[in-house]
2 protein chains.
Amino acid sequence: MLKIGALIYPGFELLDLFGPMEMFGTMPEEFQLQLVAAEAGPVKSSGQLTAHADLALKDGHEFDVLFLPGGIGTRELIRDQEMLDWITKAGDAADHVLTVCTGSGIIAKAGLLDGHRATTNKMAFGWVEKMGPEVQWVKQARWVVDGKFRTSSGVSAGMDMALDFIADLHGREKAEEVAMWAEYEWHQDAARDPFAKLHGLVE
Amino acid sequence: MLKIGALIYPGFELLDLFGPMEMFGTMPEEFQLQLVAAEAGPVKSSGQLTAHADLALKDGHEFDVLFLPGGIGTRELIRDQEMLDWITKAGDAADHVLTVCTGSGIIAKAGLLDGHRATTNKMAFGWVEKMGPEVQWVKQARWVVDGKFRTSSGVSAGMDMALDFIADLHGREKAEEVAMWAEYEWHQDAARDPFAKLHGLVE
């Protein structure tokens, strides 16, 4: 059983969070999911709707998996030193760190990604690069795995990365079963990223 | 501006709800999103995590769009007459009724779908059929549009249906823009449903 702590904050992106959580949530005997925020209770997303955090920062930072969604709220999050300190500690403690979209910019800002390969959303690429000048940012990738870090491209890419994580832990057949359960056509090739071109990052 | 009221209940499926809401949420000038539940406040999904309802049933039933996610909690929901009555009223009042997965079984049980074509999740097809003996259930479809009713297949299919709804309201180009924003490879063909075969509903 892996304890996943997903950090949320005002202006997080709904699908960045709930797409991967849907996949993990189908395996309750393997994954325990919890949302963490500055305080426990309601946290408003960028998409008008509100999630409910189970835990506050002060409840601890020790999870097997640290998960960080992106969203427009990341622009404020990088100015919140208490959050960044928690992320650094939680990232150091975790065996796996997963981010979606601009979430990789946040863990870069928290110093976790220096020297590592990582990717992010293809529309906010320039902003994210600035968060981690020592990171080897990959322009074209659906997701990137480097050591304990798994960073995905924008929004929907988080689901493909989550299924790949399940495949690494429990076998490809299990991940395919989860995808089929969710009637999701899983894109299994981490290098396949049509959006890098659509957003003009590569020719 | 369309007001979307999404009804949630204990055991709703995370991605059924938040996949489509992600798509609508990128257009805040066109869609106002609200979660409705028996009571306002936290409502636990089937996937461990909790959403926060903005409104209670008693706050009214008049929305331009009624949205109903599926989930294992539907098995209890069909025994909740207060909820079913609210769904019947809200469905009658709405210009559009959208469901994902077993959500179509609920609006069938509430009497809204009689005589209409509709689809649902391919794994729970038998259960959903029983909820609406007078409904023309379609075994192979990513989603079905019949009059004001738009019913989708399981979980992920809701995103494809949501983008099709956006296309019908605001043009295909706008829907493609939303999909690209979310780095989502939209499946635009409502009839394309590989899961009907995978789950043995068709040969």
# chains A, B, ... in the order shown; residues from 1 in each chain; ligands from 1

$ interface_residues --of "chain A" --to "chain B" --cutoff "7 Å" --atoms "only C-alpha atoms" --output "list in words"
Leu14, Leu15, Phe18, Gly19, Glu22, Gly25, Thr26, Leu33, Gln34, Pro42, Gly47, Gln48, Leu49, Thr50, Ala51, His52, Gly154, Val155, Ser156, Ala157, Ala182, Glu183, Tyr184 and Phe195 of chain A

$ residues_around --residues "Gly115 (chain A)" --least-positions-apart "3" --cutoff "9 Å" --atoms "only C-alpha atoms" --output "list of chain:residue names"
A:Glu134, A:Val135, A:Gln136

$ atom_distance --atom1 "CA of Ala141 (chain A)" --atom2 "CA of Ala190 (chain A)"
5.9 Å

$ residues_around --residues "region 103-105 of chain A" --least-positions-apart "5" --cutoff "8 Å" --atoms "only C-alpha atoms" --output "PyMOL selection string"
chain A and resi 68-71+74+118-120+127-129+131-132+151-152

$ write_last_selection --atoms "N, CA and C atoms" --output "short mmCIF file (atom, residue, chain, number, x, y, z; two decimals), in the first residue's frame"
data_model
loop_
_atom_site.label_atom_id
_atom_site.label_comp_id
_atom_site.auth_asym_id
_atom_site.auth_seq_id
_atom_site.Cartn_x
_atom_site.Cartn_y
_atom_site.Cartn_z
N LEU A 68 1.82 16.52 -7.35
CA LEU A 68 1.56 17.96 -7.46
C LEU A 68 0.91 18.31 -8.81
N PRO A 69 -0.35 18.73 -8.76
CA PRO A 69 -1.01 19.19 -9.99
C PRO A 69 -0.53 20.60 -10.33
N GLY A 70 -0.72 20.98 -11.61
CA GLY A 70 -0.45 22.35 -12.01
C GLY A 70 -1.71 23.20 -11.93
N GLY A 71 -1.66 24.33 -12.61
CA GLY A 71 -2.80 25.25 -12.58
C GLY A 71 -2.31 26.67 -12.49
N THR A 74 -0.29 28.21 -9.58
CA THR A 74 1.16 28.03 -9.37
C THR A 74 1.88 29.38 -9.36
N ALA A 118 13.10 16.62 -17.00
CA ALA A 118 11.69 16.80 -16.64
C ALA A 118 10.97 17.48 -17.79
N THR A 119 9.63 17.37 -17.78
CA THR A 119 8.85 18.10 -18.77
C THR A 119 7.69 18.83 -18.09
N THR A 120 6.87 19.48 -18.89
CA THR A 120 5.75 20.27 -18.36
C THR A 120 4.78 20.55 -19.49
N TRP A 127 7.72 29.85 -18.82
CA TRP A 127 7.59 30.18 -17.40
C TRP A 127 8.21 29.08 -16.53
N VAL A 128 7.89 27.83 -16.86
CA VAL A 128 8.38 26.71 -16.06
C VAL A 128 9.91 26.62 -16.13
N GLU A 129 10.46 26.82 -17.33
CA GLU A 129 11.93 26.77 -17.46
C GLU A 129 12.62 27.71 -16.47
N MET A 131 11.67 28.53 -13.60
CA MET A 131 11.57 28.05 -12.22
C MET A 131 12.73 27.12 -11.86
N GLY A 132 13.39 26.58 -12.91
CA GLY A 132 14.48 25.63 -12.63
C GLY A 132 15.56 25.71 -13.67
N THR A 151 7.40 13.50 -14.34
CA THR A 151 6.77 14.79 -14.65
C THR A 151 6.02 14.65 -15.96
N SER A 152 4.79 15.15 -16.01
CA SER A 152 4.02 15.01 -17.24
C SER A 152 3.80 16.36 -17.91
#

$ atom_distance --atom1 "CA of Ile78 (chain B)" --atom2 "CA of Lys109 (chain B)"
7.0 Å

$ select_by_dssp --residues "region 56-89 of chain A" --states "strand (DSSP E)" --output "VMD selection string"
chain A and resid 56 65 to 68

$ residues_around --residues "Ala90 (chain B)" --least-positions-apart "4" --cutoff "8 Å" --atoms "only C-alpha atoms" --output "list in words"
His61, Glu62, Phe63, Leu66, Trp86 and Ala94 of chain B

$ closest_residue --among "A:Ala38, A:Ala56, A:Val65, A:Arg192" --to "Ala6 (chain A)" --atoms "only C-alpha atoms"
A:Val65

$ atom_distance --atom1 "CA of Gly126 (chain B)" --atom2 "CA of Leu201 (chain B)"
9.8 Å
